[in-house]
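Here's the structure, in structure tokens; my notes come after.
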Number of protein chains: 2
Amino acid sequence: MVDQRRKAESVAQQIALKVQRAIVEGEIRPGHKLASQRQMVDQYQASRASVREALGLLQNAGLIETRHGGGSLCLNILAPFFEEVGEEPLAESQSLPIQVLEMREVLEGEAAFFCAQKASDPELSLLKQEYLRMSQRHQGGTTLHQAKADLTFHMQIADHCHNLLLISISQILYSRYFNAIYAVLLQNFKKRGRYPEQIGAQHQQIFQAIMARDPQAARTAAREHIAYTRGLLLS
Amino acid sequence: MVDQRRKAESVAQQIALKVQRAIVEGEIRPGHKLASQRQMVDQYQASRASVREALGLLQNAGLIETRHGGGSLCLNILAPFFEEVGEEPLAESQSLPIQVLEMREVLEGEAAFFCAQKASDPELSLLKQEYLRMSQRHQGGTTLHQAKADLTFHMQIADHCHNLLLISISQILYSRYFNAIYAVLLQNFKKRGRYPEQIGAQHQQIFQAIMARDPQAARTAAREHIAYTRGLLLS
DNA sequence: AACCGCAAACTGGTCTGACCAAACGGCGCT
DNA sequence: AGCGCCGTTTGGTCAGACCAGTTTGCGGTT
């Protein structure tokens with residue numbers, strides 16, 4: 001008696017299920033584009049009509065959004081929960097920067113852990129690119145550029161952690177509360193006149209631990225890095 | 001400034017909206033089949049792909065159901081609320097037949113009212129056919145046949161009242177509680193040995209009032225008919 | 001007269017190829 | 001560096017074809 005439960009499912013449902021799995025597995029990340037419909041035709045060996053029907057199902061489920069001429073976008077399933085309710089943005093809150101850093105500490109630690117554990121070789125290659133680019137920016141460039149490069153590097157780590165919830169939360173944290181994060185860096189820069197030199201070494205530690213596929217070391221290094229940053233803010 | 005709100009809507013959404021309107025207007029009734037996809041292609045001047053997408057939207061909204069090879073079915077939107085919760089069917093209840101008749105009195109009255117007011121000429125023609133068929137059955141045929149013909153006639157009236165809620169409630173009443181209704185007729189038949197002769201005259205009154213497009217008279221006749229039937233049960 | 005079985009006619013599911021419109025991306029220009 | 005143009009890419013729609021189930025009507029049986 002072979003398992004035949006899925007025999008009755010339509011082609012579109014099978015495709016939709018595969019795409020959903022890809023999203024949950026972290027192969028497709030919120031905010032990134034899906035393959036084009038014509039690419040999916042080759043990928044799933046189905047007609048464009050069936051591919052389109054599958055995308056319709058996913059769109060209806062709130063997982064993706066599709067724009068005429070602009071491809072299909074994987075949505076952040078947590079975004080609706082972080083919509084601004086009142087009129088004034090939450091980022092104005094005094095305690096928010098600290099809360100953000102507290103969250104970052106655990107998030108970055110876990111992201112680094114899973115990234116070291118589960119990232120594919122091509123993904124590590126991309127991470128290496130981003131690391132080198134960030135290193136350049138830290139030697140020359142405005143504070144804003146440095147901060148952006150810094151965030152991009154950390155986001156890149158989260159992007160490759162293959163955990164949908166971790167990616168979603170990190171994205172929201174970085175996109176909605178960038179100003180709060182940036183404020184920390186700027187404040188510190190003004191106080192000391194330059195980017196703290198320890199940060200470069202900490203970044204290198206995280207990077208090397210991930211490249212060496214040492215999850216424990218990556219987590220430790222990432223958490224220490226954020227803890228250090230938080231310390232700068234409080235001082 | 002012309003209203004251009006609907007300009008951005010896709011072809012499928014426009015079709016889905018039109019079908020939804022047809023359902024609400026009573027042109028398409030719960031339990032009945034929609035036009036085939038190929039017919040809709042002509043009807044709405046769109047491709048079958050767009051028609052299918054529209055049907056997908058309606059199916060997702062829970063308005064219709066589509067079966068491979070068997071066409072699309074308009075669902076009864078109230079049915080989920082009448083699902084059996086416990087194990088024993090509700091129809092076993094003692095008071096149910098009376099409750100059903102109480103409901104029928106107002107439902108049939110309103111259905112006859114709206115049918116006289118809003119039914120199209122072709123629909124009245126169908127009603128006439130059904131009335132004649134019922135008359136034949138009442139002269140010869142088993143009690144079960146008479147009861148079925150009776151119900152079909154009343155259902156036909158509700159079917160053409162162009163009110164989605166009225167149709168939905170009537171359908172549920174007739175399909176789920178047919179036994180309770182039939183019990184009344186059978187009990188009366190056993191007691192008197194034949195179908196009460198007043199019923200024939202009452203049916204004729206209802207029929208003629210509707211054909212004359214006299215809503216008030218139709219409602220009165222229908223209510224009196226059910227009231228009379230209820231009286232038989234209590235005696 | 002009611003019942004059953006089979007074949008033709010629908011009807012929904014899928015595929016293919018084509019065309020249009022919106023968005024994207026590289027190019028030269030200022 | 002910023003801007004505008006134009007070819008390319010991508011989603012939206014359409015038309016026609018074929019396959020897979022369902023429904024229906026017919027002829028034969030009981």
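Just so we're on the same page: first chain in the structure tokens is A, next is B, and so on; residues restart at 1 for each chain, and ligands are numbered from 1 in the order they show up.
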Tell me, as a count of residues only, which residues lie within 12 Å of DG28 in chain C, counting only C-alpha atoms (C1' of nucleotides); anything in the same chain fewer than 5 positions away does not count.
4
Please write out chain A, superposed on chain B by least squares over all C-alpha atoms matched in order, as a short mmCIF file (atom, residue, chain, number, x, y, z; two decimals) with C-alpha atoms, in the first residue's frame.
data_model
loop_
_atom_site.label_atom_id
_atom_site.label_comp_id
_atom_site.auth_asym_id
_atom_site.auth_seq_id
_atom_site.Cartn_x
_atom_site.Cartn_y
_atom_site.Cartn_z
CA MET A 1 -13.91 63.75 -13.38
CA VAL A 2 -15.28 60.39 -14.34
CA ASP A 3 -15.30 57.54 -11.88
CA GLN A 4 -12.30 55.44 -12.80
CA ARG A 5 -12.04 53.30 -9.71
CA ARG A 6 -12.49 50.05 -11.58
CA LYS A 7 -9.90 50.78 -14.22
CA ALA A 8 -7.16 48.83 -12.47
CA GLU A 9 -9.20 45.65 -11.95
CA SER A 10 -8.11 42.60 -13.86
CA VAL A 11 -10.37 40.88 -16.36
CA ALA A 12 -10.84 37.94 -14.00
CA GLN A 13 -11.90 40.20 -11.15
CA GLN A 14 -14.45 41.94 -13.36
CA ILE A 15 -15.94 38.62 -14.43
CA ALA A 16 -15.99 37.32 -10.86
CA LEU A 17 -17.79 40.48 -9.78
CA LYS A 18 -20.42 40.06 -12.49
CA VAL A 19 -21.02 36.44 -11.53
CA GLN A 20 -21.25 37.38 -7.87
CA ARG A 21 -23.84 40.01 -8.73
CA ALA A 22 -25.78 37.42 -10.73
CA ILE A 23 -25.81 35.14 -7.69
CA VAL A 24 -26.95 37.88 -5.32
CA GLU A 25 -29.60 39.04 -7.79
CA GLY A 26 -31.03 35.53 -7.94
CA GLU A 27 -30.17 34.93 -11.58
CA ILE A 28 -27.91 32.10 -10.48
CA ARG A 29 -29.34 30.06 -7.61
CA PRO A 30 -27.62 27.90 -4.99
CA GLY A 31 -27.62 24.27 -6.04
CA HIS A 32 -27.86 25.13 -9.71
CA LYS A 33 -25.09 24.91 -12.25
CA LEU A 34 -23.37 27.96 -13.67
CA ALA A 35 -22.89 28.34 -17.39
CA SER A 36 -20.01 26.27 -18.72
CA GLN A 37 -16.63 27.93 -19.03
CA ARG A 38 -16.92 27.93 -22.81
CA GLN A 39 -20.30 29.62 -22.61
CA MET A 40 -18.87 32.28 -20.30
CA VAL A 41 -16.16 32.94 -22.87
CA ASP A 42 -18.88 34.10 -25.27
CA GLN A 43 -20.95 35.72 -22.53
CA TYR A 44 -18.19 37.89 -21.07
CA GLN A 45 -16.04 38.24 -24.18
CA ALA A 46 -12.92 36.97 -22.45
CA SER A 47 -10.54 34.05 -22.81
CA ARG A 48 -11.13 30.77 -21.04
CA ALA A 49 -7.98 31.40 -19.01
CA SER A 50 -9.53 34.56 -17.58
CA VAL A 51 -12.88 32.85 -17.03
CA ARG A 52 -11.14 30.04 -15.18
CA GLU A 53 -9.23 32.52 -13.05
CA ALA A 54 -12.50 34.26 -12.16
CA LEU A 55 -14.06 30.92 -11.18
CA GLY A 56 -10.99 30.28 -9.04
CA LEU A 57 -11.59 33.52 -7.18
CA LEU A 58 -15.25 32.66 -6.61
CA GLN A 59 -14.37 29.15 -5.47
CA ASN A 60 -11.83 30.57 -3.08
CA ALA A 61 -14.51 32.89 -1.72
CA GLY A 62 -16.70 29.88 -1.04
CA LEU A 63 -19.43 30.93 -3.46
CA ILE A 64 -19.10 28.11 -5.96
CA GLU A 65 -17.70 24.62 -6.35
CA THR A 66 -16.31 23.21 -9.56
CA ARG A 67 -16.09 19.54 -10.44
CA HIS A 68 -14.03 18.00 -13.21
CA GLY A 69 -16.38 17.25 -16.08
CA GLY A 70 -19.44 18.21 -14.08
CA GLY A 71 -19.57 21.97 -14.41
CA SER A 72 -19.51 24.56 -11.66
CA LEU A 73 -22.07 24.59 -8.88
CA CYS A 74 -23.41 27.59 -7.01
CA LEU A 75 -23.15 26.80 -3.29
CA ASN A 76 -25.63 27.60 -0.54
CA ILE A 77 -23.82 30.16 1.57
CA LEU A 78 -25.89 29.28 4.64
CA ALA A 79 -25.29 25.53 4.44
CA PRO A 80 -22.21 25.55 6.70
CA PHE A 81 -24.26 27.04 9.52
CA PHE A 82 -26.69 24.14 9.39
CA GLU A 83 -24.17 21.34 9.51
CA GLU A 84 -25.04 18.59 11.95
CA VAL A 85 -22.97 19.05 15.06
CA GLY A 86 -23.91 16.06 17.15
CA GLU A 87 -24.54 12.51 16.06
CA GLU A 88 -28.31 12.33 16.00
CA PRO A 89 -30.04 14.39 13.33
CA LEU A 90 -31.94 17.46 14.45
CA ALA A 91 -34.98 16.26 12.55
CA GLU A 92 -35.71 13.78 15.33
CA SER A 93 -36.81 16.59 17.58
CA GLN A 94 -40.46 16.63 18.49
CA SER A 95 -41.01 20.34 18.03
CA LEU A 96 -39.14 20.53 14.75
CA PRO A 97 -42.07 19.86 12.39
CA ILE A 98 -43.97 22.72 13.98
CA GLN A 99 -40.99 25.04 13.82
CA VAL A 100 -40.53 24.16 10.19
CA LEU A 101 -44.12 25.02 9.43
CA GLU A 102 -43.82 28.30 11.32
CA MET A 103 -40.83 29.19 9.22
CA ARG A 104 -42.51 28.05 6.06
CA GLU A 105 -45.42 30.38 6.68
CA VAL A 106 -43.32 33.50 6.53
CA LEU A 107 -40.84 32.20 3.99
CA GLU A 108 -43.44 31.06 1.51
CA GLY A 109 -45.34 34.27 1.94
CA GLU A 110 -42.34 36.41 1.14
CA ALA A 111 -41.19 34.10 -1.65
CA ALA A 112 -44.59 34.33 -3.30
CA PHE A 113 -44.56 38.09 -2.85
CA PHE A 114 -41.18 38.58 -4.49
CA CYS A 115 -41.85 35.96 -7.13
CA ALA A 116 -44.97 37.81 -8.23
CA GLN A 117 -43.00 41.04 -8.19
CA LYS A 118 -39.69 40.11 -9.72
CA ALA A 119 -39.92 36.85 -11.67
CA SER A 120 -39.26 37.11 -15.39
CA ASP A 121 -41.78 35.94 -17.96
CA PRO A 122 -39.75 32.81 -18.82
CA GLU A 123 -39.59 31.99 -15.13
CA LEU A 124 -43.36 32.32 -14.81
CA SER A 125 -43.65 29.97 -17.75
CA LEU A 126 -41.58 27.40 -15.89
CA LEU A 127 -43.75 27.87 -12.84
CA LYS A 128 -46.85 27.23 -14.91
CA GLN A 129 -45.34 23.97 -16.17
CA GLU A 130 -44.61 22.87 -12.63
CA TYR A 131 -48.10 23.81 -11.48
CA LEU A 132 -49.73 21.73 -14.17
CA ARG A 133 -47.46 18.79 -13.39
CA MET A 134 -48.38 19.00 -9.73
CA SER A 135 -52.08 19.08 -10.53
CA GLN A 136 -51.72 15.86 -12.48
CA ARG A 137 -49.85 14.17 -9.68
CA HIS A 138 -52.53 15.08 -7.18
CA GLN A 139 -55.12 13.20 -9.17
CA GLY A 140 -53.12 10.00 -9.45
CA GLY A 141 -49.94 8.82 -7.75
CA THR A 142 -48.60 7.73 -4.40
CA THR A 143 -48.63 10.01 -1.39
CA LEU A 144 -44.87 10.32 -1.62
CA HIS A 145 -45.15 11.50 -5.21
CA GLN A 146 -47.80 14.00 -4.26
CA ALA A 147 -45.65 15.33 -1.45
CA LYS A 148 -42.63 15.65 -3.72
CA ALA A 149 -44.63 17.45 -6.38
CA ASP A 150 -46.02 19.72 -3.73
CA LEU A 151 -42.57 20.63 -2.45
CA THR A 152 -41.18 21.07 -5.94
CA PHE A 153 -43.92 23.56 -6.69
CA HIS A 154 -43.20 25.59 -3.57
CA MET A 155 -39.46 25.39 -4.19
CA GLN A 156 -40.04 26.64 -7.71
CA ILE A 157 -41.66 29.76 -6.29
CA ALA A 158 -38.73 30.40 -3.98
CA ASP A 159 -36.34 29.74 -6.84
CA HIS A 160 -37.71 32.71 -8.75
CA CYS A 161 -37.97 35.21 -5.91
CA HIS A 162 -34.57 36.78 -6.81
CA ASN A 163 -33.45 36.99 -3.20
CA LEU A 164 -30.34 34.99 -2.37
CA LEU A 165 -31.03 34.67 1.35
CA LEU A 166 -34.62 33.59 0.84
CA ILE A 167 -33.57 30.95 -1.67
CA SER A 168 -30.77 29.70 0.54
CA ILE A 169 -32.93 29.34 3.61
CA SER A 170 -35.74 27.69 1.68
CA GLN A 171 -33.37 25.19 0.09
CA ILE A 172 -31.97 24.16 3.45
CA LEU A 173 -35.44 23.88 4.93
CA TYR A 174 -36.67 21.66 2.10
CA SER A 175 -33.60 19.48 1.71
CA ARG A 176 -32.70 18.89 5.34
CA TYR A 177 -36.19 18.75 6.82
CA PHE A 178 -38.12 17.11 4.03
CA ASN A 179 -38.90 14.17 6.26
CA ALA A 180 -40.44 16.43 8.87
CA ILE A 181 -42.57 18.11 6.22
CA TYR A 182 -43.51 14.81 4.65
CA ALA A 183 -44.54 13.45 8.01
CA VAL A 184 -47.21 16.11 8.25
CA LEU A 185 -48.67 15.22 4.91
CA LEU A 186 -48.54 11.49 5.55
CA GLN A 187 -50.15 11.79 8.94
CA ASN A 188 -52.93 13.83 7.49
CA PHE A 189 -53.40 11.43 4.63
CA LYS A 190 -53.78 8.50 6.99
CA LYS A 191 -56.31 10.38 9.10
CA ARG A 192 -58.56 11.32 6.20
CA GLY A 193 -57.68 8.79 3.54
CA ARG A 194 -56.91 11.40 0.88
CA TYR A 195 -55.22 14.67 0.22
CA PRO A 196 -57.26 17.52 1.74
CA GLU A 197 -59.27 19.03 -1.06
CA GLN A 198 -58.73 22.62 0.13
CA ILE A 199 -55.07 22.35 -0.68
CA GLY A 200 -55.70 22.18 -4.39
CA ALA A 201 -57.73 25.38 -4.29
CA GLN A 202 -55.10 27.11 -2.19
CA HIS A 203 -52.37 26.16 -4.62
CA GLN A 204 -54.45 27.55 -7.43
CA GLN A 205 -54.93 30.82 -5.55
CA ILE A 206 -51.20 31.24 -5.05
CA PHE A 207 -50.45 30.32 -8.61
CA GLN A 208 -52.98 32.71 -10.10
CA ALA A 209 -51.89 35.60 -7.88
CA ILE A 210 -48.32 35.18 -9.01
CA MET A 211 -49.25 34.88 -12.66
CA ALA A 212 -51.34 38.04 -12.28
CA ARG A 213 -48.25 39.68 -10.72
CA ASP A 214 -50.19 40.61 -7.59
CA PRO A 215 -47.56 40.40 -4.79
CA GLN A 216 -49.93 41.19 -1.93
CA ALA A 217 -52.47 38.57 -2.95
CA ALA A 218 -49.72 36.01 -3.53
CA ARG A 219 -48.31 36.56 -0.07
CA THR A 220 -51.69 36.31 1.58
CA ALA A 221 -52.62 33.17 -0.29
CA ALA A 222 -49.28 31.48 0.49
CA ARG A 223 -49.45 32.30 4.18
CA GLU A 224 -53.01 31.07 4.47
CA HIS A 225 -52.05 27.87 2.76
CA ILE A 226 -49.27 27.09 5.21
CA ALA A 227 -51.39 28.20 8.15
CA TYR A 228 -54.05 25.76 7.01
CA THR A 229 -51.49 22.96 6.75
CA ARG A 230 -50.23 23.74 10.22
CA GLY A 231 -53.76 23.61 11.52
CA LEU A 232 -54.13 20.11 10.13
CA LEU A 233 -51.05 18.99 12.03
CA LEU A 234 -52.24 20.35 15.33
CA SER A 235 -55.72 18.92 15.06
#
Report as CSV: every residue of chain C with an atom at most 9 Å from chain A, its closest pair of atoms, and their distance in Å to one decimal, counting only C-alpha atoms (C1' of nucleotides), with rows sorted by chain and ascending residue number.
residue,atom,partner,partner_atom,distance
C:DG13,C1',A:Ser10,CA,8.3
C:DT14,C1',A:Ser50,CA,7.5
C:DC15,C1',A:Ser47,CA,5.8
C:DT16,C1',A:Ser47,CA,7.9
C:DA21,C1',A:Gly69,CA,8.2
C:DA22,C1',A:Gly69,CA,5.0
C:DA23,C1',A:Gly69,CA,4.6
C:DC24,C1',A:Gly70,CA,7.3
Considering only C-alpha atoms (C1' of nucleotides), return as a list in words whatever protein or nucleic-acid residues lie within 12 Å of DT30 in chain D, sequence-local ones (same chain, fewer than 4 positions apart) excluded.
DA1, DA2, DC3 and DC4 of chain C
Restrict the selected residues to N, CA and C atoms (P, O5', C5', C4', C3', O3' and C1' of nucleotides) and save them as a compact mmCIF listing (two decimals), in the first residue's frame.
# COMPACT_ATOMS: atom_id res chain seq x y z
P DA C 1 -45.97 2.71 -19.51
O5' DA C 1 -44.96 2.06 -18.47
C5' DA C 1 -45.52 1.52 -17.28
C4' DA C 1 -44.40 0.97 -16.43
C3' DA C 1 -43.26 1.99 -16.21
O3' DA C 1 -43.05 2.16 -14.82
C1' DA C 1 -42.40 -0.09 -17.01
P DA C 2 -42.15 3.32 -14.28
O5' DA C 2 -40.87 2.53 -13.75
C5' DA C 2 -41.06 1.39 -12.94
C4' DA C 2 -39.80 0.53 -12.96
C3' DA C 2 -38.51 1.30 -12.67
O3' DA C 2 -37.77 0.63 -11.65
C1' DA C 2 -38.29 0.05 -14.66
P DC C 3 -36.41 1.22 -11.17
O5' DC C 3 -35.32 0.39 -11.99
C5' DC C 3 -35.31 -1.03 -11.91
C4' DC C 3 -34.24 -1.57 -12.84
C3' DC C 3 -32.87 -0.88 -12.69
O3' DC C 3 -31.93 -1.81 -12.17
C1' DC C 3 -33.50 -1.13 -14.98
P DC C 4 -30.46 -1.29 -11.81
O5' DC C 4 -29.60 -1.66 -13.09
C5' DC C 4 -29.64 -2.99 -13.62
C4' DC C 4 -28.94 -3.02 -14.97
C3' DC C 4 -27.55 -2.38 -14.99
O3' DC C 4 -26.59 -3.34 -15.41
C1' DC C 4 -28.89 -1.59 -16.82
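Going from C1' of DG12 in chain C to C1' of DG11 in chain D covers 25.0 Å.
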Expressed in Å to a single decimal, how great is the separation between C1' of DT22 in chain D and C1' of DG5 in chain C?
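Computing the Euclidean distance for C1' of DT22 in chain D and C1' of DG5 in chain C yields 15.8 Å.
Backbone DSSP assigns strand (DSSP E) in chain B to B:Ile64, B:Glu65, B:Thr66, B:Arg67, B:Gly71, B:Ser72, B:Leu73, B:Cys74.
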Give one line per residue of chain D that approaches chain B to at most 10 Å, naming the two atoms of the closest pair and their distance in Å to one decimal, counting only C-alpha atoms (C1' of nucleotides); sort by chain then ascending residue number and deliver it as JSON lines.
{"residue": "D:DG12", "atom": "C1'", "partner": "B:Ser10", "partner_atom": "CA", "distance": 8.4}
{"residue": "D:DT13", "atom": "C1'", "partner": "B:Ser47", "partner_atom": "CA", "distance": 7.4}
{"residue": "D:DC14", "atom": "C1'", "partner": "B:Ser47", "partner_atom": "CA", "distance": 5.7}
{"residue": "D:DA15", "atom": "C1'", "partner": "B:Ser47", "partner_atom": "CA", "distance": 7.7}
{"residue": "D:DA20", "atom": "C1'", "partner": "B:Gly69", "partner_atom": "CA", "distance": 8.1}
{"residue": "D:DG21", "atom": "C1'", "partner": "B:Gly69", "partner_atom": "CA", "distance": 5.0}
{"residue": "D:DT22", "atom": "C1'", "partner": "B:Gly69", "partner_atom": "CA", "distance": 4.7}
{"residue": "D:DT23", "atom": "C1'", "partner": "B:Gly70", "partner_atom": "CA", "distance": 7.4}
Between C1' of DC18 in chain D and C1' of DA7 in chain C, what distance in Å does the model show, to one decimal?
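Straight-line distance from C1' of DC18 in chain D to C1' of DA7 in chain C works out to 19.7 Å.
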